[in-house]
>>> print(open('final.cif').read())   # mmCIF, C-alpha atoms
data_target
loop_
_atom_site.label_atom_id
_atom_site.label_comp_id
_atom_site.auth_asym_id
_atom_site.auth_seq_id
_atom_site.Cartn_x
_atom_site.Cartn_y
_atom_site.Cartn_z
CA MET B 16 3.43 -10.64 -21.09
CA ASP B 17 1.90 -13.08 -18.62
CA PHE B 18 -1.48 -11.92 -17.28
CA ASP B 19 -1.77 -14.79 -14.80
CA LEU B 20 -0.83 -14.37 -11.15
CA SER B 21 1.22 -16.99 -9.32
CA PRO B 22 -0.50 -19.10 -6.62
CA ASP B 23 1.26 -17.02 -3.95
CA GLU B 24 0.08 -13.77 -5.56
CA LEU B 25 -3.49 -15.05 -5.77
CA VAL B 26 -3.38 -15.86 -2.05
CA PHE B 27 -2.11 -12.34 -1.36
CA ARG B 28 -4.88 -10.79 -3.48
CA GLN B 29 -7.47 -12.69 -1.45
CA GLU B 30 -5.80 -11.57 1.77
CA VAL B 31 -6.10 -7.94 0.65
CA ARG B 32 -9.74 -8.40 -0.33
CA ASP B 33 -10.54 -10.05 3.01
CA PHE B 34 -8.85 -7.19 4.86
CA ILE B 35 -10.87 -4.62 2.91
CA LYS B 36 -14.11 -6.49 3.52
CA THR B 37 -13.42 -6.57 7.26
CA ASN B 38 -12.14 -3.02 7.70
CA MET B 39 -13.83 -0.93 5.01
CA PRO B 40 -17.46 0.01 5.84
CA ASP B 41 -19.98 0.69 3.09
CA LYS B 42 -20.30 4.28 4.23
CA VAL B 43 -18.52 6.56 6.68
CA ALA B 44 -20.34 9.56 8.19
CA LYS B 45 -18.78 12.90 7.32
CA LYS B 46 -18.08 13.70 10.96
CA ASP B 47 -16.28 10.38 11.41
CA GLU B 48 -14.10 10.51 8.27
CA MET B 49 -10.92 11.78 9.93
CA ALA B 50 -11.10 9.23 12.75
CA PHE B 51 -11.72 6.43 10.23
CA VAL B 52 -8.74 7.41 8.05
CA THR B 53 -6.51 7.60 11.13
CA GLU B 54 -7.58 4.12 12.24
CA TRP B 55 -7.24 2.78 8.68
CA ASN B 56 -3.67 4.11 8.41
CA LYS B 57 -2.82 2.49 11.72
CA LYS B 58 -4.09 -0.90 10.53
CA VAL B 59 -2.35 -0.91 7.13
CA ARG B 60 0.83 0.33 8.80
CA GLU B 61 0.70 -2.59 11.27
CA LYS B 62 0.50 -4.98 8.32
CA ARG B 63 3.53 -3.24 6.76
CA TRP B 64 1.54 -2.49 3.65
CA VAL B 65 2.66 1.15 3.78
CA GLY B 66 5.99 1.16 1.97
CA TYR B 67 5.29 -2.43 1.01
CA THR B 68 8.38 -2.90 -1.22
CA TRP B 69 10.74 -1.12 1.18
CA PRO B 70 13.26 -3.38 2.94
CA LYS B 71 12.04 -4.71 6.27
CA GLU B 72 15.10 -3.29 8.01
CA MET B 73 13.94 0.15 6.83
CA GLY B 74 10.45 -0.36 8.26
CA GLY B 75 8.80 -1.56 5.04
CA GLY B 76 7.14 -4.81 4.08
CA GLY B 77 9.98 -6.33 2.08
CA GLY B 78 7.40 -7.36 -0.52
CA SER B 79 7.61 -7.80 -4.27
CA LEU B 80 6.75 -5.20 -6.87
CA MET B 81 3.97 -7.41 -8.26
CA LYS B 82 2.31 -7.75 -4.86
CA GLN B 83 2.52 -3.99 -4.37
CA VAL B 84 0.68 -3.53 -7.65
CA ILE B 85 -1.98 -6.01 -6.49
CA LEU B 86 -2.26 -4.15 -3.19
CA LYS B 87 -2.69 -0.72 -4.81
CA GLN B 88 -5.06 -2.07 -7.42
CA GLU B 89 -7.39 -3.70 -4.91
CA MET B 90 -7.38 -0.58 -2.72
CA ALA B 91 -8.25 1.62 -5.70
CA ILE B 92 -11.09 -0.67 -6.81
CA ALA B 93 -12.56 -0.72 -3.30
CA LYS B 94 -12.24 3.07 -2.95
CA THR B 95 -10.33 2.78 0.30
CA PRO B 96 -8.18 5.52 1.80
CA GLY B 97 -4.61 5.41 0.53
CA LEU B 98 -1.76 3.32 1.88
CA GLY B 99 -0.41 6.12 4.03
CA THR B 100 -0.95 9.80 3.30
CA CYS B 101 2.61 10.92 2.54
CA PHE B 102 2.39 10.33 -1.22
CA MET B 103 5.69 11.86 -2.35
CA GLY B 104 7.54 10.53 0.67
CA LEU B 105 6.42 7.00 -0.14
CA SER B 106 6.78 7.27 -3.92
CA TRP B 107 10.27 8.72 -4.34
CA VAL B 108 11.65 10.60 -1.32
CA GLY B 109 11.74 7.48 0.85
CA PRO B 110 13.20 5.24 -1.87
CA GLY B 111 15.81 7.93 -2.55
CA ILE B 112 16.78 8.06 1.13
CA ILE B 113 16.90 4.25 1.30
CA GLN B 114 19.32 4.11 -1.64
CA TYR B 115 21.44 7.22 -1.11
CA GLY B 116 20.77 8.44 2.43
CA THR B 117 23.07 8.19 5.40
CA LYS B 118 22.12 6.01 8.34
CA ASP B 119 21.18 9.14 10.30
CA GLN B 120 18.93 10.33 7.44
CA GLN B 121 17.24 6.95 7.22
CA GLU B 122 16.57 6.86 10.96
CA ARG B 123 15.42 10.48 10.96
CA PHE B 124 13.05 10.55 7.99
CA LEU B 125 11.82 7.06 7.06
CA PRO B 126 9.70 6.28 10.15
CA ASP B 127 7.82 9.58 9.84
CA ILE B 128 7.10 8.92 6.15
CA LEU B 129 5.74 5.45 6.92
CA ASP B 130 3.67 6.80 9.82
CA SER B 131 2.22 9.63 7.67
CA LYS B 132 3.44 12.25 10.13
CA PHE B 133 3.59 15.03 7.49
CA GLN B 134 3.76 15.78 3.78
CA TRP B 135 6.78 16.14 1.50
CA CYS B 136 6.85 18.27 -1.64
CA THR B 137 9.19 18.16 -4.63
CA GLY B 138 11.26 21.19 -5.64
CA TYR B 139 11.96 20.35 -9.27
CA SER B 140 10.06 22.55 -11.77
CA GLU B 141 11.15 26.12 -12.38
CA PRO B 142 9.83 29.02 -14.51
CA ASN B 143 10.77 28.71 -18.21
CA ILE B 144 12.25 25.23 -17.75
CA GLY B 145 9.39 23.08 -19.05
CA SER B 146 10.32 19.42 -19.54
CA ASP B 147 14.06 20.19 -19.51
CA LEU B 148 14.56 19.74 -15.76
CA ALA B 149 18.33 19.44 -16.13
CA SER B 150 18.45 23.12 -17.12
CA LEU B 151 17.40 24.19 -13.62
CA GLN B 152 18.92 27.43 -12.31
CA CYS B 153 18.09 27.45 -8.58
CA LYS B 154 21.57 27.70 -7.04
CA ALA B 155 23.22 26.53 -3.85
CA GLU B 156 26.67 27.60 -2.62
CA ASN B 157 28.65 25.25 -0.43
CA LYS B 158 29.60 27.26 2.67
CA GLY B 159 31.28 24.43 4.54
CA ASP B 160 28.77 23.43 7.22
CA HIS B 161 25.76 24.46 5.12
CA TYR B 162 24.50 25.33 1.63
CA LEU B 163 23.13 28.77 0.81
CA VAL B 164 20.18 28.44 -1.59
CA ASN B 165 18.80 31.18 -3.86
CA GLY B 166 16.23 30.85 -6.63
CA GLN B 167 12.67 29.84 -7.38
CA LYS B 168 10.58 26.72 -7.92
CA MET B 169 7.21 26.68 -9.69
CA TRP B 170 4.08 24.48 -9.63
CA THR B 171 5.34 22.75 -6.49
CA SER B 172 2.66 20.21 -5.56
CA LEU B 173 1.59 20.16 -1.88
CA ALA B 174 4.00 22.97 -0.97
CA PRO B 175 1.26 24.87 0.97
CA PHE B 176 0.91 21.89 3.33
CA ALA B 177 4.32 20.20 3.28
CA GLU B 178 6.81 20.18 6.12
CA TRP B 179 9.80 19.04 4.04
CA MET B 180 10.94 19.41 0.44
CA ILE B 181 13.28 17.30 -1.67
CA LEU B 182 15.04 20.00 -3.67
CA LEU B 183 17.23 19.98 -6.76
CA VAL B 184 19.75 22.83 -6.96
CA ARG B 185 22.73 23.69 -9.12
CA THR B 186 25.98 23.67 -7.19
CA ASP B 187 28.34 23.78 -10.20
CA SER B 188 27.71 25.62 -13.48
CA SER B 189 31.12 24.96 -15.03
CA SER B 190 30.37 21.60 -16.66
CA GLU B 191 29.22 21.44 -20.28
CA ASN B 192 27.03 18.49 -19.30
CA LYS B 193 23.94 20.09 -17.74
CA HIS B 194 23.12 16.87 -15.86
CA GLU B 195 26.28 17.32 -13.82
CA GLY B 196 26.64 19.83 -11.00
CA ILE B 197 23.11 19.23 -9.68
CA THR B 198 22.74 18.43 -5.98
CA CYS B 199 19.80 17.06 -4.00
CA LEU B 200 18.95 18.68 -0.66
CA LEU B 201 16.32 17.94 1.99
CA VAL B 202 14.89 21.29 3.10
CA HIS B 203 12.56 22.13 5.98
CA MET B 204 9.71 24.33 4.75
CA LYS B 205 9.96 26.66 7.76
CA SER B 206 13.58 27.54 7.00
CA PRO B 207 14.27 31.31 7.20
CA GLY B 208 14.24 32.89 3.74
CA LEU B 209 11.90 30.27 2.24
CA GLU B 210 8.58 31.73 1.02
CA VAL B 211 5.58 29.75 -0.23
CA ARG B 212 3.04 31.53 -2.42
CA PRO B 213 -0.01 29.28 -3.01
CA ILE B 214 -1.55 29.11 -6.49
CA LYS B 215 -5.34 28.77 -6.27
CA ASN B 216 -7.28 26.73 -8.80
CA MET B 217 -10.83 27.37 -10.00
CA THR B 218 -12.40 25.69 -6.97
CA GLY B 219 -10.56 28.01 -4.60
CA SER B 220 -8.22 25.32 -3.26
CA ALA B 221 -4.45 25.61 -3.54
CA VAL B 222 -2.50 22.40 -4.11
CA PHE B 223 0.36 24.09 -6.00
CA ALA B 224 2.63 26.96 -5.06
CA GLU B 225 5.55 29.08 -6.12
CA VAL B 226 8.46 28.69 -3.73
CA PHE B 227 11.15 31.34 -3.35
CA PHE B 228 14.56 30.88 -1.73
CA THR B 229 16.49 33.88 -0.44
CA ASP B 230 19.74 32.95 1.31
CA VAL B 231 18.14 29.79 2.72
CA LYS B 232 20.61 27.82 4.85
CA VAL B 233 20.49 24.04 4.47
CA PRO B 234 22.77 22.01 6.75
CA GLN B 235 25.36 19.76 5.08
CA GLU B 236 23.81 16.74 6.78
CA ASN B 237 20.65 17.37 4.73
CA ARG B 238 22.36 16.70 1.42
CA LEU B 239 21.07 13.48 -0.15
CA GLY B 240 23.82 11.66 -2.02
CA GLU B 241 27.04 13.19 -3.29
CA GLU B 242 27.40 16.82 -4.24
CA GLY B 243 26.92 17.24 -7.98
CA LYS B 244 25.26 13.80 -8.32
CA GLY B 245 21.69 14.92 -7.66
CA TRP B 246 20.51 13.97 -11.13
CA MET B 247 21.41 10.33 -10.50
CA VAL B 248 19.63 10.45 -7.14
CA THR B 249 16.48 11.85 -8.75
CA VAL B 250 16.38 9.44 -11.69
CA SER B 251 16.84 6.46 -9.35
CA ALA B 252 14.15 7.65 -6.95
CA LEU B 253 11.62 8.28 -9.72
CA ALA B 254 12.27 4.85 -11.25
CA ASN B 255 10.17 3.12 -8.60
CA GLU B 256 6.85 1.48 -9.46
CA ARG B 257 5.80 3.39 -12.57
CA SER B 258 3.35 1.04 -14.22
CA SER B 259 0.42 3.43 -13.46
CA ILE B 260 -1.87 0.42 -12.95
CA ALA B 261 -3.20 1.89 -9.71
CA GLU B 262 -4.00 5.14 -11.53
CA VAL B 263 -5.85 3.15 -14.17
CA ALA B 264 -7.94 1.54 -11.45
CA GLY B 265 -8.83 5.04 -10.23
CA LEU B 266 -9.93 6.06 -13.74
CA GLU B 267 -11.99 2.88 -14.05
CA ARG B 268 -13.74 3.87 -10.83
CA LYS B 269 -14.54 7.32 -12.25
CA LEU B 270 -15.81 5.68 -15.43
CA GLU B 271 -18.19 3.56 -13.39
CA ASP B 272 -19.44 6.74 -11.71
CA LEU B 273 -20.00 8.26 -15.14
CA LYS B 274 -21.89 5.18 -16.35
CA ALA B 275 -24.10 5.34 -13.26
CA LEU B 276 -24.78 9.01 -13.99
CA VAL B 277 -25.71 8.23 -17.61
CA LYS B 278 -28.32 5.73 -16.39
CA ARG B 279 -30.00 8.52 -14.38
CA ILE B 280 -30.06 11.14 -17.16
CA GLU B 281 -32.69 11.60 -19.86
CA ILE B 282 -32.12 13.20 -23.26
CA GLN B 283 -35.26 14.42 -25.06
CA GLY B 284 -37.42 12.27 -22.81
CA LYS B 285 -35.44 9.08 -23.34
CA PRO B 286 -32.77 7.41 -21.17
CA ALA B 287 -29.30 8.69 -22.06
CA THR B 288 -28.17 5.06 -22.32
CA GLN B 289 -30.19 4.82 -25.56
CA ASP B 290 -28.48 7.83 -27.14
CA GLN B 291 -25.88 6.69 -29.70
CA SER B 292 -23.68 9.73 -29.19
CA VAL B 293 -23.53 9.14 -25.44
CA ARG B 294 -22.79 5.46 -25.92
CA ARG B 295 -19.94 6.24 -28.36
CA THR B 296 -18.42 8.82 -26.03
CA VAL B 297 -18.49 6.54 -22.99
CA ALA B 298 -17.14 3.65 -25.08
CA GLY B 299 -14.32 5.93 -26.22
CA PHE B 300 -13.38 6.68 -22.62
CA GLU B 301 -13.46 2.97 -21.82
CA THR B 302 -11.26 2.12 -24.81
CA ILE B 303 -8.57 4.62 -23.79
CA ILE B 304 -8.61 3.40 -20.18
CA GLU B 305 -8.21 -0.19 -21.36
CA SER B 306 -5.27 0.83 -23.56
CA MET B 307 -3.72 2.49 -20.49
CA ARG B 308 -4.18 -0.73 -18.52
CA LEU B 309 -2.41 -2.74 -21.20
CA ASN B 310 0.35 -0.14 -21.43
CA GLY B 311 0.71 -0.35 -17.66
CA MET B 312 1.09 -4.12 -17.90
CA ARG B 313 3.81 -3.60 -20.50
CA TYR B 314 5.68 -1.18 -18.23
CA LEU B 315 5.27 -3.53 -15.27
CA THR B 316 6.60 -6.47 -17.28
CA LYS B 317 9.73 -4.50 -18.12
CA GLN B 318 10.24 -3.60 -14.47
CA LEU B 319 9.80 -7.20 -13.36
CA LYS B 320 12.50 -8.17 -15.87
CA GLY B 321 14.82 -5.51 -14.48
CA GLU B 322 14.60 -3.40 -17.63
CA PRO B 323 14.50 0.41 -17.40
CA VAL B 324 11.19 2.22 -17.76
CA SER B 325 11.53 5.87 -18.65
CA SER B 326 10.01 8.07 -21.34
CA GLU B 327 7.30 5.64 -22.47
CA THR B 328 5.35 6.23 -19.25
CA SER B 329 4.53 9.70 -20.64
CA VAL B 330 1.98 8.01 -22.93
CA ASN B 331 -0.20 7.02 -19.96
CA LYS B 332 0.40 10.36 -18.23
CA LEU B 333 -0.88 12.14 -21.33
CA HIS B 334 -3.95 9.90 -21.57
CA LYS B 335 -4.73 10.40 -17.89
CA ALA B 336 -4.52 14.19 -18.15
CA THR B 337 -6.81 14.19 -21.17
CA LEU B 338 -9.34 11.82 -19.58
CA GLU B 339 -9.51 13.75 -16.31
CA VAL B 340 -10.57 16.89 -18.20
CA GLU B 341 -12.81 15.29 -20.80
CA MET B 342 -14.68 12.96 -18.43
CA GLY B 343 -15.30 15.77 -15.96
CA ASP B 344 -16.54 18.16 -18.63
CA TYR B 345 -18.72 15.49 -20.22
CA ALA B 346 -20.43 14.63 -16.95
CA VAL B 347 -21.25 18.31 -16.40
CA SER B 348 -22.58 18.73 -19.95
CA LEU B 349 -24.84 15.68 -19.59
CA MET B 350 -26.55 17.23 -16.56
CA GLY B 351 -27.24 20.57 -18.26
CA HIS B 352 -27.62 23.58 -15.97
CA VAL B 353 -27.76 21.32 -12.89
CA GLY B 354 -24.21 20.22 -13.64
CA ILE B 355 -22.67 23.60 -12.87
CA HIS B 356 -24.01 23.81 -9.31
CA SER B 357 -21.29 23.73 -6.66
CA ARG B 358 -21.08 21.53 -3.59
CA ASN B 359 -22.91 24.01 -1.38
CA SER B 360 -25.86 24.43 -3.71
CA PRO B 361 -29.12 22.71 -2.63
CA ASP B 362 -29.77 21.94 -6.34
CA ALA B 363 -26.43 20.22 -6.89
CA LEU B 364 -26.59 16.63 -8.11
CA ASP B 365 -24.36 14.22 -6.14
CA LYS B 366 -23.25 17.16 -3.99
CA GLY B 367 -21.68 18.90 -6.97
CA ARG B 368 -18.80 16.45 -7.31
CA TYR B 369 -18.85 16.49 -11.12
CA ALA B 370 -18.62 20.26 -11.25
CA TYR B 371 -15.80 20.07 -8.72
CA ARG B 372 -13.93 17.54 -10.85
CA ALA B 373 -14.40 19.66 -13.95
CA LEU B 374 -12.97 22.72 -12.20
CA SER B 375 -10.15 21.04 -10.28
CA TRP B 376 -8.44 19.46 -13.28
CA PRO B 377 -5.16 21.43 -12.82
CA ASP B 378 -4.42 19.34 -9.71
CA VAL B 379 -4.12 16.16 -11.77
CA VAL B 380 -3.18 17.60 -15.17
CA ILE B 381 -0.29 19.85 -14.15
CA GLY B 382 1.08 17.49 -11.51
CA GLY B 383 3.82 15.30 -12.96
CA GLY B 384 4.12 17.42 -16.11
CA THR B 385 1.54 19.14 -18.32
CA PRO B 386 0.20 17.54 -21.51
CA ASN B 387 2.46 19.77 -23.63
CA ILE B 388 5.48 18.52 -21.71
CA GLN B 389 4.36 14.91 -22.13
CA LYS B 390 3.87 15.47 -25.87
CA ASN B 391 7.39 16.91 -26.14
CA ILE B 392 8.83 13.91 -24.29
CA ILE B 393 6.96 11.46 -26.52
CA SER B 394 7.88 13.24 -29.75
CA GLU B 395 11.55 13.83 -28.91
CA ARG B 396 12.56 10.80 -26.83
CA ILE B 397 10.32 8.09 -28.29
CA LEU B 398 9.60 9.20 -31.87
CA GLY B 399 12.97 10.90 -32.39
CA LEU B 400 11.49 14.14 -33.72
CA PRO B 401 13.43 17.45 -33.57
CA LYS B 402 13.45 19.27 -30.24
CA ASP B 403 10.72 21.84 -29.66
#
>>> encode(input="final.cif", output="structure tokens")
Amino acid sequence: MDFDLSPDELVFRQEVRDFIKTNMPDKVAKKDEMAFVTEWNKKVREKRWVGYTWPKEMGGGGGSLMKQVILKQEMAIAKTPGLGTCFMGLSWVGPGIIQYGTKDQQERFLPDILDSKFQWCTGYSEPNIGSDLASLQCKAENKGDHYLVNGQKMWTSLAPFAEWMILLVRTDSSSENKHEGITCLLVHMKSPGLEVRPIKNMTGSAVFAEVFFTDVKVPQENRLGEEGKGWMVTVSALANERSSIAEVAGLERKLEDLKALVKRIEIQGKPATQDQSVRRTVAGFETIIESMRLNGMRYLTKQLKGEPVSSETSVNKLHKATLEVEMGDYAVSLMGHVGIHSRNSPDALDKGRYAYRALSWPDVVIGGGTPNIQKNIISERILGLPKD
């Protein structure tokens, strides 16, 4: 594992830092946030940093995986808005369309993803499926010019806001191999017969939803890849940049917030920074985050060598889920009764953001697979233990 960047990569890192310094103000007024994000997205789009590794002929930057990691890392450290707002579209829907889509699909969908026109959601998880996605039961019948979809999806991230869904359905149940007979469809969320039921979390927001399909018609031209080959489409799309280094940078930022909070808190009349228990807890968080960073470098190294990265990324996903909960809860406990005040309370410290983090953990813990699912993947696919 080589931790050193090439001269060209160092130049690119400085270019990113210079861009951030020029275009990222120290503070943006609440009333101006939307206008700032819009302008920011326009600028990063003009530099082709949105979809940075996508081919230039597809509207992307044609850049390397390593430079994309540098780009995301620097943005996370500087707390900038994201590189585009269509997260799922940029992460796997777009790459899937680039690899398996028709020319018409590429021309129809890719520009809107890059321009952050709307959100995509992912119709994968189903009730009682857990980590065994290949056992999905949502069915689609080929009716010639369209597919007729019936079934249910569960814990669908961003479904309450999304305009399109990338959906996995079963089109053939005859094969003994459960990975066969799965087809990938691109479905408009306003299609007749499609119902979205938001799932509220403890803060009152609803990022997830149940999605029901009752005789939903999906045109044949919205099939992505070959019929029955949807599993291959999905695996390929999800195999894009999976080092999680950018996520680690986000956790490092939250750790810095926690350290700043500790410096402002007193325990029994003394600064919390002098309390050995506090110091051990914060050091524990820092140790796990550093291990995630090194794991991320390991995953990235494999990708740069063209080697597959699959189940081992569940280790970092599990750590992230655990840290999001534990760091949020710990911040609240440090503040005592003040820590439970919500954003609208005049007594809330830092506008209640720590209480909000502590209550909104399902958004980051459930998304991408719950800790129990990650533990099953690690135990079965990495350690070779019997199936749960």
>>> resolve_selection(input="final.cif", expression="the PyMOL selection byres ((chain B and resi 374) around 10)", output="list in words")
Asn216, Met217, Thr218, Gly219, Val340, Gly343, Asp344, Ile355, Arg368, Tyr369, Ala370, Tyr371, Arg372, Ala373, Ser375, Trp376, Pro377 and Asp378 of chain B
>>> residues_around(input="final.cif", residues="B:Leu80", least_positions_apart="3", cutoff="9 Å", atoms="all atoms listed in the file", output="list in words")
Tyr67, Thr68, Gln83, Val84, Ile85, Glu256, Leu315, Gln318 and Leu319 of chain B
>>> closest_residue(input="final.cif", among="B:Thr337, B:Ser326, B:Ser360, B:Asn331", to="B:Ile397", atoms="all atoms listed in the file")
B:Ser326
>>> resolve_selection(input="final.cif", expression="the PyMOL selection byres ((chain B and resi 95) around 12)", output="PDB file with C-alpha atoms, in the coordinates of the input")
ATOM      1  CA  VAL B  31      -6.100  -7.940   0.650  1.00  0.00           C
ATOM      2  CA  ARG B  32      -9.740  -8.400  -0.330  1.00  0.00           C
ATOM      3  CA  PHE B  34      -8.850  -7.190   4.860  1.00  0.00           C
ATOM      4  CA  ILE B  35     -10.870  -4.620   2.910  1.00  0.00           C
ATOM      5  CA  LYS B  36     -14.110  -6.490   3.520  1.00  0.00           C
ATOM      6  CA  ASN B  38     -12.140  -3.020   7.700  1.00  0.00           C
ATOM      7  CA  MET B  39     -13.830  -0.930   5.010  1.00  0.00           C
ATOM      8  CA  PRO B  40     -17.460   0.010   5.840  1.00  0.00           C
ATOM      9  CA  ASP B  41     -19.980   0.690   3.090  1.00  0.00           C
ATOM     10  CA  LYS B  42     -20.300   4.280   4.230  1.00  0.00           C
ATOM     11  CA  VAL B  43     -18.520   6.560   6.680  1.00  0.00           C
ATOM     12  CA  GLU B  48     -14.100  10.510   8.270  1.00  0.00           C
ATOM     13  CA  PHE B  51     -11.720   6.430  10.230  1.00  0.00           C
ATOM     14  CA  VAL B  52      -8.740   7.410   8.050  1.00  0.00           C
ATOM     15  CA  TRP B  55      -7.240   2.780   8.680  1.00  0.00           C
ATOM     16  CA  ASN B  56      -3.670   4.110   8.410  1.00  0.00           C
ATOM     17  CA  VAL B  59      -2.350  -0.910   7.130  1.00  0.00           C
ATOM     18  CA  LEU B  86      -2.260  -4.150  -3.190  1.00  0.00           C
ATOM     19  CA  LYS B  87      -2.690  -0.720  -4.810  1.00  0.00           C
ATOM     20  CA  GLN B  88      -5.060  -2.070  -7.420  1.00  0.00           C
ATOM     21  CA  GLU B  89      -7.390  -3.700  -4.910  1.00  0.00           C
ATOM     22  CA  MET B  90      -7.380  -0.580  -2.720  1.00  0.00           C
ATOM     23  CA  ALA B  91      -8.250   1.620  -5.700  1.00  0.00           C
ATOM     24  CA  ILE B  92     -11.090  -0.670  -6.810  1.00  0.00           C
ATOM     25  CA  ALA B  93     -12.560  -0.720  -3.300  1.00  0.00           C
ATOM     26  CA  LYS B  94     -12.240   3.070  -2.950  1.00  0.00           C
ATOM     27  CA  PRO B  96      -8.180   5.520   1.800  1.00  0.00           C
ATOM     28  CA  GLY B  97      -4.610   5.410   0.530  1.00  0.00           C
ATOM     29  CA  LEU B  98      -1.760   3.320   1.880  1.00  0.00           C
ATOM     30  CA  GLY B  99      -0.410   6.120   4.030  1.00  0.00           C
ATOM     31  CA  GLY B 265      -8.830   5.040 -10.230  1.00  0.00           C
ATOM     32  CA  ARG B 268     -13.740   3.870 -10.830  1.00  0.00           C
TER      33      ARG B 268
END
>>> resolve_selection(input="final.cif", expression="the PyMOL selection byres ((chain B and resi 162-168) around 8)", output="ChimeraX atom specification")
/B:138-142,152-161,169-171,184,225-235
>>> build_atoms(input="final.cif", residues="stretch 329-342 of chain B", atoms="N, CA and C atoms", output="mmCIF file, in the coordinates of the input")
data_model
loop_
_atom_site.group_PDB
_atom_site.id
_atom_site.type_symbol
_atom_site.label_atom_id
_atom_site.label_comp_id
_atom_site.auth_asym_id
_atom_site.auth_seq_id
_atom_site.Cartn_x
_atom_site.Cartn_y
_atom_site.Cartn_z
ATOM 1 N N SER B 329 5.201 8.440 -20.306
ATOM 2 C CA SER B 329 4.530 9.700 -20.640
ATOM 3 C C SER B 329 3.261 9.462 -21.454
ATOM 4 N N VAL B 330 3.185 8.317 -22.145
ATOM 5 C CA VAL B 330 1.980 8.010 -22.930
ATOM 6 C C VAL B 330 0.771 7.907 -21.996
ATOM 7 N N ASN B 331 0.908 7.153 -20.908
ATOM 8 C CA ASN B 331 -0.200 7.020 -19.960
ATOM 9 C C ASN B 331 -0.463 8.315 -19.209
ATOM 10 N N LYS B 332 0.589 9.066 -18.896
ATOM 11 C CA LYS B 332 0.400 10.360 -18.230
ATOM 12 C C LYS B 332 -0.428 11.290 -19.101
ATOM 13 N N LEU B 333 -0.140 11.292 -20.406
ATOM 14 C CA LEU B 333 -0.880 12.140 -21.330
ATOM 15 C C LEU B 333 -2.335 11.706 -21.426
ATOM 16 N N HIS B 334 -2.576 10.406 -21.535
ATOM 17 C CA HIS B 334 -3.950 9.900 -21.570
ATOM 18 C C HIS B 334 -4.710 10.267 -20.304
ATOM 19 N N LYS B 335 -4.061 10.113 -19.154
ATOM 20 C CA LYS B 335 -4.730 10.400 -17.890
ATOM 21 C C LYS B 335 -5.130 11.871 -17.808
ATOM 22 N N ALA B 336 -4.210 12.755 -18.189
ATOM 23 C CA ALA B 336 -4.520 14.190 -18.150
ATOM 24 C C ALA B 336 -5.706 14.515 -19.048
ATOM 25 N N THR B 337 -5.722 13.935 -20.232
ATOM 26 C CA THR B 337 -6.810 14.190 -21.170
ATOM 27 C C THR B 337 -8.131 13.649 -20.634
ATOM 28 N N LEU B 338 -8.115 12.433 -20.093
ATOM 29 C CA LEU B 338 -9.340 11.820 -19.580
ATOM 30 C C LEU B 338 -9.906 12.573 -18.384
ATOM 31 N N GLU B 339 -9.042 13.032 -17.494
ATOM 32 C CA GLU B 339 -9.510 13.750 -16.310
ATOM 33 C C GLU B 339 -10.333 14.977 -16.715
ATOM 34 N N VAL B 340 -9.858 15.687 -17.730
ATOM 35 C CA VAL B 340 -10.570 16.890 -18.200
ATOM 36 C C VAL B 340 -11.827 16.506 -18.958
ATOM 37 N N GLU B 341 -11.688 15.612 -19.925
ATOM 38 C CA GLU B 341 -12.810 15.290 -20.800
ATOM 39 C C GLU B 341 -13.945 14.586 -20.069
ATOM 40 N N MET B 342 -13.625 13.666 -19.151
ATOM 41 C CA MET B 342 -14.680 12.960 -18.430
ATOM 42 C C MET B 342 -15.411 13.897 -17.472
#
